[in-house]
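A.B. asks: Provided herewith: work-v1.pdb, PDB, C-alpha atoms.
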ATOM      1  CA  MET G  26      -3.831  33.140  -8.205
ATOM      2  CA  VAL G  27      -1.540  30.886 -10.187
ATOM      3  CA  ALA G  28      -1.866  30.198 -13.901
ATOM      4  CA  VAL G  29      -1.694  26.540 -14.910
ATOM      5  CA  ALA G  30       1.445  27.264 -16.929
ATOM      6  CA  ARG G  31       3.233  28.363 -13.730
ATOM      7  CA  TYR G  32       2.087  25.337 -11.685
ATOM      8  CA  ARG G  33       5.255  23.365 -12.297
ATOM      9  CA  LYS G  34       7.380  26.162 -10.849
ATOM     10  CA  GLU G  35       5.020  27.118  -8.020
ATOM     11  CA  VAL G  36       3.959  23.670  -6.833
ATOM     12  CA  GLY G  37       6.343  21.246  -8.501
ATOM     13  CA  VAL G  38       3.757  19.364 -10.560
ATOM     14  CA  ASN G  39       3.103  19.347 -14.277
ATOM     15  CA  VAL G  40      -0.106  20.127 -16.132
ATOM     16  CA  GLU G  41      -0.963  16.436 -16.595
ATOM     17  CA  THR G  42      -0.815  15.919 -12.825
ATOM     18  CA  ILE G  43      -3.209  18.835 -12.340
ATOM     19  CA  ARG G  44      -5.588  17.396 -14.931
ATOM     20  CA  PHE G  45      -5.366  13.987 -13.227
ATOM     21  CA  TYR G  46      -6.251  15.530  -9.839
ATOM     22  CA  GLU G  47      -9.175  17.295 -11.491
ATOM     23  CA  ARG G  48     -10.449  14.041 -13.033
ATOM     24  CA  LYS G  49     -10.168  12.355  -9.617
ATOM     25  CA  SER G  50     -12.101  15.292  -8.079
ATOM     26  CA  LEU G  51      -9.236  16.042  -5.705
ATOM     27  CA  ILE G  52      -9.232  19.652  -6.901
ATOM     28  CA  GLU G  53     -11.774  21.763  -8.737
ATOM     29  CA  GLN G  54     -11.107  22.910 -12.251
ATOM     30  CA  PRO G  55     -11.526  26.659 -12.561
ATOM     31  CA  THR G  56     -13.336  27.996 -15.563
ATOM     32  CA  LYS G  57     -11.138  28.802 -18.512
ATOM     33  CA  PRO G  58     -11.277  32.365 -19.702
ATOM     34  CA  GLU G  59     -11.973  32.935 -23.372
ATOM     35  CA  THR G  60      -8.330  33.857 -23.836
ATOM     36  CA  GLY G  61      -5.388  32.801 -21.750
ATOM     37  CA  TYR G  62      -4.824  30.193 -19.071
ATOM     38  CA  ARG G  63      -6.917  28.950 -16.195
ATOM     39  CA  HIS G  64      -6.016  30.554 -12.890
ATOM     40  CA  TYR G  65      -5.947  28.514  -9.693
ATOM     41  CA  SER G  66      -6.722  30.064  -6.335
ATOM     42  CA  ASP G  67      -4.278  29.971  -3.443
ATOM     43  CA  GLU G  68      -6.633  27.472  -1.800
ATOM     44  CA  ILE G  69      -6.259  25.047  -4.721
ATOM     45  CA  VAL G  70      -2.487  25.595  -4.825
ATOM     46  CA  ASN G  71      -2.307  24.740  -1.118
ATOM     47  CA  ARG G  72      -4.503  21.705  -1.689
ATOM     48  CA  VAL G  73      -2.124  20.432  -4.390
ATOM     49  CA  ARG G  74       0.799  20.968  -2.014
ATOM     50  CA  PHE G  75      -1.109  18.989   0.630
ATOM     51  CA  ILE G  76      -1.709  16.152  -1.861
ATOM     52  CA  LYS G  77       1.958  16.031  -2.879
ATOM     53  CA  ARG G  78       3.154  16.102   0.743
ATOM     54  CA  THR G  79       0.834  13.304   1.834
ATOM     55  CA  GLN G  80       1.921  11.244  -1.190
ATOM     56  CA  GLU G  81       5.537  11.737  -0.099
ATOM     57  CA  LEU G  82       4.526  10.334   3.285
ATOM     58  CA  GLY G  83       3.154   7.207   1.600
ATOM     59  CA  PHE G  84      -0.568   7.913   1.506
ATOM     60  CA  SER G  85      -2.443   6.615  -1.524
ATOM     61  CA  LEU G  86      -4.711   8.908  -3.524
ATOM     62  CA  LYS G  87      -7.743   7.151  -2.022
ATOM     63  CA  GLU G  88      -6.409   7.803   1.477
ATOM     64  CA  ILE G  89      -5.683  11.427   0.544
ATOM     65  CA  GLU G  90      -9.225  11.771  -0.780
ATOM     66  CA  ASN G  91     -10.505  10.516   2.579
ATOM     67  CA  LEU G  92      -8.256  12.950   4.451
ATOM     68  CA  LEU G  93      -9.536  15.822   2.334
ATOM     69  CA  LYS G  94     -13.133  14.780   3.043
ATOM     70  CA  LEU G  95     -12.328  14.668   6.761
ATOM     71  CA  ASN G  96     -10.895  18.180   6.728
ATOM     72  CA  ASP G  97     -13.921  19.574   8.563
ATOM     73  CA  SER G  98     -14.491  16.446  10.653
ATOM     74  CA  PRO G  99     -13.568  15.811  14.252
ATOM     75  CA  CYS G 100      -9.887  15.067  14.807
ATOM     76  CA  SER G 101     -10.762  11.580  16.062
ATOM     77  CA  GLN G 102     -11.766  10.501  12.546
ATOM     78  CA  VAL G 103      -8.502  11.802  11.110
ATOM     79  CA  GLN G 104      -6.661  10.120  13.975
ATOM     80  CA  ASP G 105      -8.292   6.783  13.111
ATOM     81  CA  LEU G 106      -7.076   7.060   9.525
ATOM     82  CA  ALA G 107      -3.571   8.078  10.642
ATOM     83  CA  GLU G 108      -3.429   5.174  13.117
ATOM     84  CA  ALA G 109      -4.419   2.713  10.398
ATOM     85  CA  LYS G 110      -1.660   4.107   8.171
ATOM     86  CA  LEU G 111       0.808   3.870  11.059
ATOM     87  CA  GLU G 112      -0.087   0.209  11.558
ATOM     88  CA  SER G 113       0.384  -0.439   7.848
ATOM     89  CA  VAL G 114       3.799   1.238   7.932
ATOM     90  CA  ALA G 115       4.815  -0.794  11.004
ATOM     91  CA  ASP G 116       3.813  -4.011   9.206
ATOM     92  CA  LYS G 117       5.882  -3.023   6.161
ATOM     93  CA  ILE G 118       8.882  -2.215   8.375
ATOM     94  CA  SER G 119       8.562  -5.613  10.040
ATOM     95  CA  ASP G 120       8.420  -7.335   6.653
ATOM     96  CA  LEU G 121      11.424  -5.358   5.418
ATOM     97  CA  LYS G 122      13.417  -6.304   8.527
ATOM     98  CA  LYS G 123      12.643  -9.985   7.871
ATOM     99  CA  LEU G 124      13.738  -9.561   4.271
ATOM    100  CA  GLN G 125      16.913  -7.800   5.386
ATOM    101  CA  LYS G 126      17.744 -10.664   7.762
ATOM    102  CA  ALA G 127      17.122 -13.301   5.088
ATOM    103  CA  LEU G 128      19.222 -11.458   2.499
ATOM    104  CA  THR G 129      22.028 -10.924   5.001
ATOM    105  CA  GLU G 130      22.106 -14.669   5.662
ATOM    106  CA  LEU G 131      22.074 -15.476   1.930
ATOM    107  CA  VAL G 132      24.872 -13.018   1.178
ATOM    108  CA  GLY G 133      26.842 -14.620   4.006
ATOM    109  CA  LEU G 134      26.349 -17.998   2.363
ATOM    110  CA  CYS G 135      27.661 -16.539  -0.902
ATOM    111  CA  HIS G 136      30.813 -15.324   0.837
ATOM    112  CA  SER G 137      31.497 -18.764   2.288
ATOM    113  CA  ASN G 138      30.451 -20.694  -0.831
ATOM    114  CA  ALA G 139      33.340 -22.845  -2.058
ATOM    115  CA  ASP G 140      31.453 -24.069  -5.146
ATOM    116  CA  LYS G 141      31.523 -21.137  -7.562
ATOM    117  CA  ASN G 142      29.259 -23.031 -10.002
ATOM    118  CA  THR G 143      26.256 -22.724  -7.699
ATOM    119  CA  CYS G 144      24.792 -19.731  -5.959
ATOM    120  CA  PRO G 145      23.087 -20.015  -2.563
ATOM    121  CA  VAL G 146      20.800 -17.089  -3.383
ATOM    122  CA  ILE G 147      19.564 -18.692  -6.602
ATOM    123  CA  ASP G 148      19.354 -22.107  -4.941
ATOM    124  CA  SER G 149      17.187 -20.696  -2.114
ATOM    125  CA  LEU G 150      14.762 -19.184  -4.618
ATOM    126  CA  GLN G 151      14.229 -22.418  -6.532
ATOM    127  CA  PRO G 152      10.979 -24.220  -5.773
ATOM    128  CA  ASN G 153      11.423 -27.423  -3.823
ATOM    129  CA  SER G 154      10.776 -30.423  -6.035
ATOM    130  CA  LYS G 155       8.803 -33.175  -4.353
TER     131      LYS G 155
END
Mind turning the file's structure into structure tokens?
C.D. replies:
Amino acid sequence: MVAVARYRKEVGVNVETIRFYERKSLIEQPTKPETGYRHYSDEIVNRVRFIKRTQELGFSLKEIENLLKLNDSPCSQVQDLAEAKLESVADKISDLKKLQKALTELVGLCHSNADKNTCPVIDSLQPNSK
């Protein structure tokens, strides 16, 4: 059992994060004793660690909620969710590579720009007037 006051040290989250997870029904709020702090079971502590780890991997809270609901489901359902996330990540990587290429070209134009009063980067971002 972990008291809410020790959560930051044990799990690396603050009290407001715990309260937020409780409001979102990602974790259950234990009853508060008449005196002292609420105590969270090892199961809840592990659940918070799971939430933080999946957030680090780029899952949204809605996706994490779905993963938690699928905990007792067949692996194929979890696999479907993971594959959808993988596709989303691949799309983002593709977009970032396109952005990297475009910025590399623009920076190259800056290096070869003889007119120091204009900037190829700024010029490329201006809307075309018709």
A.B. asks: List the residues matched by the PyMOL selection byres ((chain G and resi 145) around 7) in the displayed structure as a list in words, ordered by chain and then by residue number.
C.D. replies: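 In the shown coordinates, the PyMOL selection byres ((chain G and resi 145) around 7) covers Leu131, Leu134, Cys135, Thr143, Cys144, Val146, Ile147, Asp148 and Ser149 of chain G.
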A.B. asks: Which neighbours of segment 79-93 of chain G fall inside 10 Å, counting all atoms listed in the file, when residues of the same chain fewer than 4 positions from it are skipped, and could you give them as an NGL selection string?
C.D. replies: :G and (46 or 49-52 or 72-75 or 97-98 or 102-103 or 106-107 or 110 or 114)
A.B. asks: May I have the centre and edge lengths, in Å to one decimal, of an axis-aligned box around the listed atoms of segment 124-141 of chain G with 5 Å added to every side, as lines of an AutoDock Vina configuration file?
C.D. replies:
center_x = 23.5
center_y = -15.9
center_z = 0.1
size_x = 29.6
size_y = 26.3
size_z = 25.3
A.B. asks: Pick out the closest residue to Gln54 of chain G from this set: G:Ala139, G:Asp116, G:Glu41, G:Ile69. Count all atoms listed in the file.
C.D. replies: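 Between G:Ala139, G:Asp116, G:Glu41, G:Ile69, the residue approaching Gln54 of chain G most closely is G:Ile69.
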A.B. asks: Quote the spacing between atom CA of Glu53 of chain G and atom CA of Ile76 of chain G in Å to one decimal place.
C.D. replies: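 Between atom CA of Glu53 of chain G and atom CA of Ile76 of chain G the gap is 13.4 Å.
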A.B. asks: Can you measure atom CA of Leu124 of chain G to atom CA of Arg78 of chain G for me? One decimal in Å is fine.
C.D. replies: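 Separation between atom CA of Leu124 of chain G and atom CA of Arg78 of chain G: 28.0 Å.
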A.B. asks: In Å, how far is it from atom CA of Gly37 of chain G to atom CA of Lys77 of chain G?
C.D. replies: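 The value is 8.8 Å.
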